$ cat data_19.cif   # mmCIF, C-alpha atoms
data_final
loop_
_atom_site.label_atom_id
_atom_site.label_comp_id
_atom_site.auth_asym_id
_atom_site.auth_seq_id
_atom_site.Cartn_x
_atom_site.Cartn_y
_atom_site.Cartn_z
CA MET A 288 -18.65 -11.04 4.89
CA GLN A 289 -19.06 -12.08 8.52
CA MET A 290 -15.37 -12.96 8.69
CA THR A 291 -14.46 -9.47 7.46
CA ILE A 292 -16.51 -7.76 10.17
CA VAL A 293 -15.09 -10.08 12.83
CA ASP A 294 -11.56 -9.47 11.55
CA LEU A 295 -12.04 -5.70 11.58
CA ALA A 296 -13.40 -5.81 15.15
CA SER A 297 -9.80 -6.12 16.34
CA PRO A 298 -8.01 -2.73 16.42
CA ALA A 299 -4.68 -4.49 15.75
CA ARG A 300 -6.11 -6.18 12.65
CA PHE A 301 -7.63 -2.87 11.55
CA GLN A 302 -4.23 -1.18 11.86
CA THR A 303 -2.68 -3.83 9.58
CA ILE A 304 -5.42 -3.64 6.93
CA SER A 305 -5.64 0.18 7.01
CA ALA A 306 -1.84 0.52 6.68
CA ARG A 307 -2.06 -1.39 3.39
CA LEU A 308 -5.14 0.53 2.22
CA LEU A 309 -4.04 4.08 3.09
CA PRO A 310 -1.37 4.61 0.34
CA TRP A 311 -3.82 3.41 -2.35
CA LEU A 312 -6.58 5.64 -1.01
CA THR A 313 -4.18 8.62 -0.90
CA ALA A 314 -3.08 8.01 -4.50
CA ALA A 315 -6.71 7.67 -5.64
CA THR A 316 -7.55 10.97 -3.90
CA VAL A 317 -4.68 12.82 -5.63
CA VAL A 318 -5.65 11.42 -9.05
CA ALA A 319 -9.32 12.29 -8.48
CA PHE A 320 -8.40 15.89 -7.56
CA VAL A 321 -6.15 16.29 -10.61
CA VAL A 322 -9.01 15.09 -12.88
CA GLY A 323 -11.66 17.10 -10.98
CA LEU A 324 -9.70 20.38 -11.01
CA ALA A 325 -8.86 19.96 -14.72
CA LEU A 326 -12.59 19.56 -15.43
CA VAL A 327 -13.38 22.60 -13.25
CA TYR A 328 -10.79 24.65 -15.14
CA SER A 329 -12.35 23.79 -18.50
CA ALA A 330 -15.99 24.07 -17.34
CA PRO A 331 -17.96 26.92 -18.98
CA ASP A 332 -19.38 29.87 -17.06
CA ASP A 333 -23.04 29.72 -16.10
CA TYR A 334 -25.34 31.78 -18.33
CA GLN A 335 -26.78 33.60 -15.28
CA GLN A 336 -24.08 33.39 -12.58
CA GLY A 337 -21.02 33.77 -14.78
CA ALA A 338 -17.71 32.51 -13.35
CA THR A 339 -19.06 32.43 -9.76
CA VAL A 340 -20.49 28.99 -10.61
CA LYS A 341 -16.92 27.74 -9.99
CA ILE A 342 -17.57 28.19 -6.25
CA MET A 343 -20.26 25.51 -6.56
CA PHE A 344 -17.57 22.90 -7.36
CA ILE A 345 -16.23 23.19 -3.79
CA HIS A 346 -19.37 24.37 -1.97
CA VAL A 347 -21.61 21.42 -2.91
CA PRO A 348 -19.01 18.70 -2.09
CA ALA A 349 -18.31 20.45 1.25
CA ALA A 350 -22.05 20.50 2.04
CA TRP A 351 -22.38 16.82 1.09
CA LEU A 352 -19.45 15.84 3.34
CA GLY A 353 -20.73 17.89 6.28
CA ILE A 354 -23.92 15.80 6.15
CA PHE A 355 -22.07 12.56 5.26
CA GLY A 356 -19.87 13.01 8.34
CA TRP A 357 -22.90 13.17 10.62
CA MET A 358 -24.52 10.15 8.91
CA LEU A 359 -21.28 8.21 9.39
CA MET A 360 -21.19 9.25 13.07
CA SER A 361 -24.85 8.15 13.44
CA MET A 362 -24.06 4.69 12.05
CA ALA A 363 -21.05 4.50 14.37
CA ALA A 364 -23.32 5.56 17.26
CA LEU A 365 -25.56 2.55 16.54
CA GLY A 366 -22.41 0.42 16.45
CA THR A 367 -21.46 1.72 19.90
CA LEU A 368 -24.89 1.47 21.55
CA VAL A 369 -26.35 -1.66 19.89
CA TRP A 370 -23.47 -3.88 18.77
CA ARG A 371 -20.71 -2.48 21.04
CA HIS A 372 -18.27 -2.76 18.16
CA PRO A 373 -14.79 -1.84 19.48
CA LEU A 374 -14.03 0.37 16.48
CA ALA A 375 -17.40 2.17 16.35
CA ASP A 376 -16.53 4.95 18.78
CA VAL A 377 -13.05 5.23 17.23
CA ALA A 378 -14.76 5.87 13.86
CA ALA A 379 -17.18 8.39 15.42
CA LYS A 380 -14.44 10.34 17.21
CA ALA A 381 -12.23 10.45 14.10
CA ALA A 382 -15.10 11.69 11.90
CA ALA A 383 -16.16 14.63 14.11
CA PRO A 384 -13.33 17.13 13.38
CA ILE A 385 -13.34 16.23 9.67
CA GLY A 386 -17.11 16.68 9.40
CA ALA A 387 -16.85 19.99 11.30
CA ALA A 388 -14.11 21.22 8.94
CA PHE A 389 -16.16 20.44 5.82
CA THR A 390 -19.26 22.08 7.32
CA LEU A 391 -17.16 25.19 8.00
CA MET A 392 -15.92 25.04 4.39
CA CYS A 393 -19.55 24.85 3.22
CA LEU A 394 -20.51 27.91 5.30
CA LEU A 395 -17.51 29.99 4.18
CA THR A 396 -17.75 29.17 0.47
CA GLY A 397 -21.54 29.60 0.55
CA SER A 398 -21.11 33.01 2.14
CA LEU A 399 -18.56 34.05 -0.51
CA TRP A 400 -20.94 32.82 -3.22
CA GLY A 401 -23.95 34.53 -1.64
CA ARG A 402 -22.45 38.04 -1.56
CA PRO A 403 -22.18 38.51 -5.35
CA MET A 404 -25.32 36.47 -6.17
CA TRP A 405 -27.74 37.48 -3.38
CA GLY A 406 -26.14 40.74 -2.29
CA THR A 407 -25.46 39.43 1.23
CA TYR A 408 -22.96 37.16 2.99
CA TRP A 409 -25.57 35.74 5.30
CA VAL A 410 -29.33 35.47 5.72
CA TRP A 411 -31.22 33.57 8.41
CA ASP A 412 -32.94 31.31 5.90
CA ALA A 413 -33.84 27.71 6.74
CA ARG A 414 -31.04 26.04 4.73
CA LEU A 415 -28.24 28.32 5.96
CA THR A 416 -29.46 28.22 9.57
CA SER A 417 -29.82 24.41 9.63
CA VAL A 418 -26.25 24.03 8.28
CA LEU A 419 -25.01 26.47 10.96
CA VAL A 420 -26.83 24.29 13.53
CA LEU A 421 -24.98 21.25 12.09
CA PHE A 422 -21.64 23.06 12.60
CA LEU A 423 -22.60 23.93 16.20
CA LEU A 424 -23.61 20.27 16.80
CA TYR A 425 -20.16 19.17 15.57
CA LEU A 426 -18.53 21.63 17.99
CA ALA A 427 -20.69 20.23 20.82
CA VAL A 428 -19.57 16.67 19.96
CA LEU A 429 -15.91 17.75 19.99
CA ALA A 430 -16.45 19.43 23.37
CA LEU A 431 -18.20 16.31 24.73
CA TRP A 432 -15.27 14.07 23.74
CA ARG A 433 -12.91 16.42 25.60
CA THR A 434 -15.14 16.84 28.66
CA ILE A 435 -15.51 13.15 29.61
CA GLU A 436 -12.12 11.60 30.37
CA ASP A 437 -13.00 7.89 30.08
CA PRO A 438 -13.31 7.12 26.32
CA SER A 439 -15.99 4.41 26.80
CA HIS A 440 -18.21 6.74 28.88
CA ALA A 441 -17.62 9.60 26.41
CA ALA A 442 -18.49 7.27 23.50
CA ARG A 443 -21.92 6.42 24.93
CA ALA A 444 -22.76 10.06 25.70
CA VAL A 445 -21.60 11.17 22.24
CA ALA A 446 -23.53 8.30 20.58
CA VAL A 447 -26.82 9.37 22.20
CA PHE A 448 -26.15 13.03 21.33
CA THR A 449 -25.28 12.10 17.72
CA LEU A 450 -28.49 10.11 17.22
CA VAL A 451 -30.58 12.98 18.63
CA GLY A 452 -28.69 15.44 16.39
CA ALA A 453 -29.36 13.25 13.34
CA ILE A 454 -32.84 14.81 13.19
CA ASN A 455 -31.09 17.86 11.69
CA VAL A 456 -29.97 15.90 8.59
CA PRO A 457 -33.43 15.61 6.92
CA ILE A 458 -34.16 19.18 8.05
CA ILE A 459 -31.11 20.39 6.08
CA LYS A 460 -32.04 18.30 3.03
CA PHE A 461 -35.72 19.28 2.87
CA SER A 462 -35.46 22.83 4.29
CA VAL A 463 -35.61 24.26 0.75
CA ASP A 464 -38.87 22.34 0.13
CA TRP A 465 -40.56 22.92 3.49
CA TRP A 466 -39.89 26.67 3.80
CA ASN A 467 -39.48 29.64 1.47
CA THR A 468 -35.73 30.08 1.29
CA LEU A 469 -33.30 32.33 -0.53
CA HIS A 470 -31.18 29.22 -1.11
CA GLN A 471 -32.03 27.40 -4.34
CA GLY A 472 -33.81 24.03 -4.32
CA ALA A 473 -32.18 20.65 -4.95
CA SER A 474 -30.56 20.47 -8.39
CA VAL A 475 -28.41 17.31 -8.18
CA PHE A 476 -29.99 14.77 -5.79
CA ARG A 477 -33.67 14.96 -6.75
CA LEU A 478 -36.31 12.48 -7.88
CA GLY A 479 -36.57 13.87 -11.41
CA GLY A 480 -32.78 13.72 -11.90
CA PRO A 481 -30.26 16.58 -12.00
CA THR A 482 -31.38 19.87 -13.56
CA MET A 483 -27.85 20.89 -14.63
CA HIS A 484 -26.27 20.72 -18.05
CA SER A 485 -23.67 17.96 -18.34
CA SER A 486 -20.86 20.52 -18.89
CA ILE A 487 -21.42 21.68 -15.28
CA LEU A 488 -22.68 18.40 -13.79
CA VAL A 489 -19.69 16.24 -14.80
CA PRO A 490 -17.04 18.48 -13.12
CA LEU A 491 -19.28 18.74 -10.06
CA LEU A 492 -19.62 14.94 -9.75
CA ALA A 493 -15.85 14.56 -10.29
CA MET A 494 -15.13 17.05 -7.48
CA MET A 495 -17.67 15.32 -5.22
CA ALA A 496 -15.88 12.00 -5.81
CA ALA A 497 -12.48 13.62 -5.12
CA PHE A 498 -13.65 15.29 -1.89
CA THR A 499 -15.34 12.04 -0.75
CA LEU A 500 -12.08 10.13 -1.29
CA LEU A 501 -10.26 12.86 0.67
CA PHE A 502 -12.75 12.47 3.54
CA LEU A 503 -12.30 8.67 3.57
CA THR A 504 -8.49 8.98 3.48
CA LEU A 505 -8.42 11.51 6.32
CA HIS A 506 -10.93 9.46 8.30
CA LEU A 507 -8.90 6.27 7.97
CA ALA A 508 -5.72 8.10 9.03
CA ALA A 509 -7.52 9.77 11.95
CA MET A 510 -8.92 6.39 13.08
CA ARG A 511 -5.37 4.96 13.10
CA ASN A 512 -4.27 7.94 15.21
CA GLU A 513 -7.15 7.44 17.63
CA ILE A 514 -6.16 3.79 18.16
CA LEU A 515 -2.59 4.94 18.92
CA ARG A 516 -3.97 7.55 21.34
CA ARG A 517 -5.81 4.82 23.25
CA ARG A 518 -2.68 2.65 23.33
CA LEU A 519 -0.78 5.63 24.72
CA ARG A 520 -3.44 6.17 27.40
CA THR A 521 -3.28 2.48 28.41
CA ALA A 522 0.54 2.60 28.53
CA GLN A 523 0.48 5.75 30.64
CA MET A 524 -1.99 4.14 33.07
CA MET A 525 0.23 1.04 33.30
CA GLN A 526 3.21 3.26 34.03
CA ALA A 527 1.26 5.12 36.73
CA HIS A 528 0.12 1.81 38.33
CA ALA A 529 3.69 0.49 38.27
CA ALA A 530 4.95 3.71 39.87
CA ALA A 531 2.23 3.53 42.56
CA GLY A 532 3.05 -0.15 43.31
CA ALA A 533 6.82 0.44 43.58
CA MET B 255 -9.07 32.03 -17.31
CA ASN B 256 -11.18 35.18 -16.92
CA LEU B 257 -13.05 35.11 -13.59
CA GLY B 258 -14.97 38.32 -14.27
CA PRO B 259 -15.94 41.04 -11.79
CA TYR B 260 -16.32 38.61 -8.85
CA ALA B 261 -12.83 37.09 -9.11
CA ALA B 262 -12.00 38.04 -5.50
CA PHE B 263 -14.96 36.00 -4.19
CA ILE B 264 -14.08 32.96 -6.35
CA VAL B 265 -10.38 33.05 -5.39
CA GLY B 266 -11.32 33.68 -1.74
CA ALA B 267 -13.57 30.59 -1.71
CA TYR B 268 -10.84 28.37 -3.19
CA VAL B 269 -8.22 29.76 -0.77
CA ALA B 270 -10.56 29.06 2.17
CA ALA B 271 -11.19 25.49 0.95
CA PHE B 272 -7.47 24.87 0.35
CA THR B 273 -6.57 26.23 3.81
CA ILE B 274 -9.10 23.96 5.52
CA VAL B 275 -7.93 20.87 3.58
CA LEU B 276 -4.28 21.71 4.38
CA ALA B 277 -5.13 22.17 8.07
CA LEU B 278 -6.86 18.75 8.14
CA ILE B 279 -3.86 17.02 6.48
CA LEU B 280 -1.41 18.74 8.87
CA TRP B 281 -3.58 17.80 11.87
CA VAL B 282 -3.52 14.10 10.91
CA VAL B 283 0.24 14.02 10.15
CA VAL B 284 1.40 16.07 13.18
CA ASP B 285 -0.93 14.17 15.53
CA ARG B 286 0.48 10.82 14.35
CA ARG B 287 4.11 11.94 14.75
CA HIS B 288 3.36 13.24 18.26
CA LEU B 289 1.63 9.97 19.29
CA VAL B 290 4.34 7.70 17.83
CA ARG B 291 7.07 9.73 19.57
CA ARG B 292 5.33 9.49 22.96
CA LEU B 293 4.65 5.74 22.54
CA ASP B 294 8.30 5.15 21.59
CA ALA B 295 9.45 7.11 24.63
CA LEU B 296 7.28 4.96 26.92
CA GLU B 297 8.56 1.79 25.27
CA LEU B 298 12.14 2.92 25.90
CA GLN B 299 11.20 3.25 29.58
CA GLY B 300 10.08 -0.40 29.51
CA VAL B 301 6.33 0.21 29.46
CA THR B 302 4.81 -2.34 27.06
CA ARG B 303 1.26 -3.57 26.64
CA ARG B 304 0.24 -7.06 27.81
CA SER B 305 -0.42 -8.05 24.18
CA GLY B 306 3.07 -6.79 23.31
CA ARG B 307 4.65 -8.88 26.08
CA GLN B 308 2.65 -11.96 24.99
CA ALA B 309 3.73 -11.47 21.39
CA ALA B 310 7.35 -11.13 22.50
CA GLY B 311 7.00 -14.27 24.64
CA ASN B 312 5.49 -16.28 21.79
CA SER B 313 8.16 -15.30 19.31
#

$ encode --input "data_19.cif" --output "structure tokens"
Amino acid sequence: MQMTIVDLASPARFQTISARLLPWLTAATVVAFVVGLALVYSAPDDYQQGATVKIMFIHVPAAWLGIFGWMLMSMAALGTLVWRHPLADVAAKAAAPIGAAFTLMCLLTGSLWGRPMWGTYWVWDARLTSVLVLFLLYLAVLALWRTIEDPSHAARAVAVFTLVGAINVPIIKFSVDWWNTLHQGASVFRLGGPTMHSSILVPLLAMMAAFTLLFLTLHLAAMRNEILRRRLRTAQMMQAHAAAGA
Amino acid sequence: MNLGPYAAFIVGAYVAAFTIVLALILWVVVDRRHLVRRLDALELQGVTRRSGRQAAGNS
């Protein structure tokens, strides 16, 4: 186990391993989506919500990945600040746009689900507002990466910001318990087990697995890109130094 | 499949999700092509990393 972590600490080694892993992860994602969408297609309508329950099969995975992205960035932030792992800030930077995109997907699909079910696209309830705050935090992280030119300085600033922002994760999760909200309470991840019938739960879990594989595939590819970006920056600096010395 | 009276909302949600996923995939692919092209151009100009020079020297 220790050897694996040491091996992966080298960006060059990571590039080799991830190049082998990426096609398999991509294939697994495609297969998972084919299975997930087939299950969604054959899933019955909800006895109260009718066919609009089909929005849940993309809304819940998007919500999960919005939060998962921030948790991943928080772990990477610890890697940057505590262990100074060379790939930690690469992982954090690659996760930010993906997490932001899934949070946006959660907000859009939730809004389109809310209009027919609640009679409104938006309400300032605790769950919706805390997810909007998560999206704004992602945008702030993206802005911070762009504002500070030196990647190592940017990584430390982003790591501190990410860990402070992590306080929003339990707020999102427990907002439906702590406050009176229009949004329904937890129905999948709860102590007493899921409250859904298996005909709805199975397609939902299949779609969550497919979306999670998609996140991991995109994240791995984005990490590989980020390593290339840093190589390009180093090469450009070498070229500038050579030009200045000539 | 009959989506009922709220079909527009259901289709709209899936179109939004598909568009976002497509944008993410395009971002990753286009970004990689752009980076590889710029790195190749620098290499053609003779700019190589120290590790690259060492590897070339060892081979």

$ interface_residues --input "data_19.cif" --of "chain A" --to "chain B" --cutoff "7 Å" --atoms "all atoms listed in the file" --output "PyMOL selection string"
chain A and resi 338-339+341-342+388+392+396+399-400+403+508-509+512+515-516+519+522+526

$ resolve_selection --input "data_19.cif" --expression "the PyMOL selection byres ((chain A and resi 325-331) around 7)" --output "NGL selection string"
:A and (321-324 or 332-333 or 486-487 or 490)

$ residues_around --input "data_19.cif" --residues "A:Ala296" --least-positions-apart "5" --cutoff "7 Å" --atoms "all atoms listed in the file" --output "NGL selection string"
:A and (372-374)

$ resolve_selection --input "data_19.cif" --expression "the PyMOL selection byres ((chain A and resi 496) around 9)" --output "ChimeraX atom specification"
/A:316,319-320,323,348,491-495,497-501

$ residues_around --input "data_19.cif" --residues "A:Ile514" --least-positions-apart "6" --cutoff "9 Å" --atoms "only C-alpha atoms" --output "JSON list (two decimals) with C-alpha atoms, in the frame of the given file"
[["chain", "number", "residue", "atom", "x", "y", "z"],
["A", 298, "PRO", "CA", -8.01, -2.73, 16.42],
["A", 299, "ALA", "CA", -4.68, -4.49, 15.75],
["A", 302, "GLN", "CA", -4.23, -1.18, 11.86],
["A", 374, "LEU", "CA", -14.03, 0.37, 16.48],
["A", 377, "VAL", "CA", -13.05, 5.23, 17.23]]

$ decode --input "data_19.cif" --residues "stretch 306-333 of chain A" --atoms "N, CA and C atoms" --output "PDB file, in the first residue's frame"
ATOM      1  N   ALA A 306      -2.949   6.449 -17.834  1.00  0.00           N
ATOM      2  CA  ALA A 306      -3.138   6.171 -19.273  1.00  0.00           C
ATOM      3  C   ALA A 306      -3.663   4.755 -19.484  1.00  0.00           C
ATOM      4  N   ARG A 307      -3.207   3.831 -18.638  1.00  0.00           N
ATOM      5  CA  ARG A 307      -3.682   2.443 -18.737  1.00  0.00           C
ATOM      6  C   ARG A 307      -5.105   2.318 -18.194  1.00  0.00           C
ATOM      7  N   LEU A 308      -5.395   3.086 -17.142  1.00  0.00           N
ATOM      8  CA  LEU A 308      -6.679   2.977 -16.435  1.00  0.00           C
ATOM      9  C   LEU A 308      -7.833   3.654 -17.189  1.00  0.00           C
ATOM     10  N   LEU A 309      -7.519   4.759 -17.867  1.00  0.00           N
ATOM     11  CA  LEU A 309      -8.565   5.608 -18.457  1.00  0.00           C
ATOM     12  C   LEU A 309      -9.472   4.885 -19.468  1.00  0.00           C
ATOM     13  N   PRO A 310      -8.942   4.078 -20.406  1.00  0.00           N
ATOM     14  CA  PRO A 310      -9.853   3.388 -21.343  1.00  0.00           C
ATOM     15  C   PRO A 310     -10.816   2.437 -20.641  1.00  0.00           C
ATOM     16  N   TRP A 311     -10.343   1.745 -19.598  1.00  0.00           N
ATOM     17  CA  TRP A 311     -11.202   0.814 -18.847  1.00  0.00           C
ATOM     18  C   TRP A 311     -12.295   1.565 -18.097  1.00  0.00           C
ATOM     19  N   LEU A 312     -11.891   2.696 -17.513  1.00  0.00           N
ATOM     20  CA  LEU A 312     -12.853   3.520 -16.764  1.00  0.00           C
ATOM     21  C   LEU A 312     -13.907   4.104 -17.715  1.00  0.00           C
ATOM     22  N   THR A 313     -13.471   4.515 -18.897  1.00  0.00           N
ATOM     23  CA  THR A 313     -14.398   5.055 -19.908  1.00  0.00           C
ATOM     24  C   THR A 313     -15.396   3.979 -20.343  1.00  0.00           C
ATOM     25  N   ALA A 314     -14.879   2.778 -20.604  1.00  0.00           N
ATOM     26  CA  ALA A 314     -15.756   1.672 -21.026  1.00  0.00           C
ATOM     27  C   ALA A 314     -16.754   1.331 -19.921  1.00  0.00           C
ATOM     28  N   ALA A 315     -16.281   1.289 -18.679  1.00  0.00           N
ATOM     29  CA  ALA A 315     -17.169   0.987 -17.544  1.00  0.00           C
ATOM     30  C   ALA A 315     -18.259   2.047 -17.413  1.00  0.00           C
ATOM     31  N   THR A 316     -17.909   3.304 -17.662  1.00  0.00           N
ATOM     32  CA  THR A 316     -18.883   4.407 -17.579  1.00  0.00           C
ATOM     33  C   THR A 316     -19.965   4.231 -18.646  1.00  0.00           C
ATOM     34  N   VAL A 317     -19.552   3.920 -19.879  1.00  0.00           N
ATOM     35  CA  VAL A 317     -20.515   3.749 -20.979  1.00  0.00           C
ATOM     36  C   VAL A 317     -21.474   2.590 -20.670  1.00  0.00           C
ATOM     37  N   VAL A 318     -20.907   1.466 -20.213  1.00  0.00           N
ATOM     38  CA  VAL A 318     -21.735   0.295 -19.881  1.00  0.00           C
ATOM     39  C   VAL A 318     -22.711   0.643 -18.750  1.00  0.00           C
ATOM     40  N   ALA A 319     -22.210   1.335 -17.733  1.00  0.00           N
ATOM     41  CA  ALA A 319     -23.063   1.700 -16.591  1.00  0.00           C
ATOM     42  C   ALA A 319     -24.207   2.609 -17.025  1.00  0.00           C
ATOM     43  N   PHE A 320     -23.939   3.531 -17.961  1.00  0.00           N
ATOM     44  CA  PHE A 320     -25.007   4.420 -18.442  1.00  0.00           C
ATOM     45  C   PHE A 320     -26.028   3.669 -19.292  1.00  0.00           C
ATOM     46  N   VAL A 321     -25.562   2.717 -20.103  1.00  0.00           N
ATOM     47  CA  VAL A 321     -26.490   1.928 -20.919  1.00  0.00           C
ATOM     48  C   VAL A 321     -27.449   1.163 -19.992  1.00  0.00           C
ATOM     49  N   VAL A 322     -26.880   0.511 -18.970  1.00  0.00           N
ATOM     50  CA  VAL A 322     -27.700  -0.250 -18.003  1.00  0.00           C
ATOM     51  C   VAL A 322     -28.621   0.696 -17.236  1.00  0.00           C
ATOM     52  N   GLY A 323     -28.060   1.798 -16.730  1.00  0.00           N
ATOM     53  CA  GLY A 323     -28.830   2.757 -15.924  1.00  0.00           C
ATOM     54  C   GLY A 323     -29.993   3.347 -16.698  1.00  0.00           C
ATOM     55  N   LEU A 324     -29.731   3.787 -17.941  1.00  0.00           N
ATOM     56  CA  LEU A 324     -30.810   4.409 -18.743  1.00  0.00           C
ATOM     57  C   LEU A 324     -31.875   3.393 -19.146  1.00  0.00           C
ATOM     58  N   ALA A 325     -31.465   2.128 -19.373  1.00  0.00           N
ATOM     59  CA  ALA A 325     -32.451   1.078 -19.680  1.00  0.00           C
ATOM     60  C   ALA A 325     -33.370   0.862 -18.472  1.00  0.00           C
ATOM     61  N   LEU A 326     -32.782   0.879 -17.273  1.00  0.00           N
ATOM     62  CA  LEU A 326     -33.584   0.710 -16.056  1.00  0.00           C
ATOM     63  C   LEU A 326     -34.509   1.908 -15.836  1.00  0.00           C
ATOM     64  N   VAL A 327     -34.006   3.114 -16.153  1.00  0.00           N
ATOM     65  CA  VAL A 327     -34.828   4.330 -16.027  1.00  0.00           C
ATOM     66  C   VAL A 327     -36.017   4.250 -16.984  1.00  0.00           C
ATOM     67  N   TYR A 328     -35.736   3.800 -18.206  1.00  0.00           N
ATOM     68  CA  TYR A 328     -36.788   3.699 -19.228  1.00  0.00           C
ATOM     69  C   TYR A 328     -37.913   2.766 -18.773  1.00  0.00           C
ATOM     70  N   SER A 329     -37.518   1.658 -18.116  1.00  0.00           N
ATOM     71  CA  SER A 329     -38.538   0.667 -17.720  1.00  0.00           C
ATOM     72  C   SER A 329     -39.087   0.909 -16.312  1.00  0.00           C
ATOM     73  N   ALA A 330     -38.585   1.939 -15.610  1.00  0.00           N
ATOM     74  CA  ALA A 330     -39.067   2.205 -14.243  1.00  0.00           C
ATOM     75  C   ALA A 330     -40.512   2.714 -14.283  1.00  0.00           C
ATOM     76  N   PRO A 331     -41.340   2.311 -13.312  1.00  0.00           N
ATOM     77  CA  PRO A 331     -42.736   2.767 -13.306  1.00  0.00           C
ATOM     78  C   PRO A 331     -42.849   4.228 -12.855  1.00  0.00           C
ATOM     79  N   ASP A 332     -43.973   4.850 -13.171  1.00  0.00           N
ATOM     80  CA  ASP A 332     -44.236   6.201 -12.668  1.00  0.00           C
ATOM     81  C   ASP A 332     -44.525   6.133 -11.173  1.00  0.00           C
ATOM     82  N   ASP A 333     -44.260   7.236 -10.499  1.00  0.00           N
ATOM     83  CA  ASP A 333     -44.558   7.315  -9.067  1.00  0.00           C
ATOM     84  C   ASP A 333     -46.064   7.504  -8.876  1.00  0.00           C
TER      85      ASP A 333
END
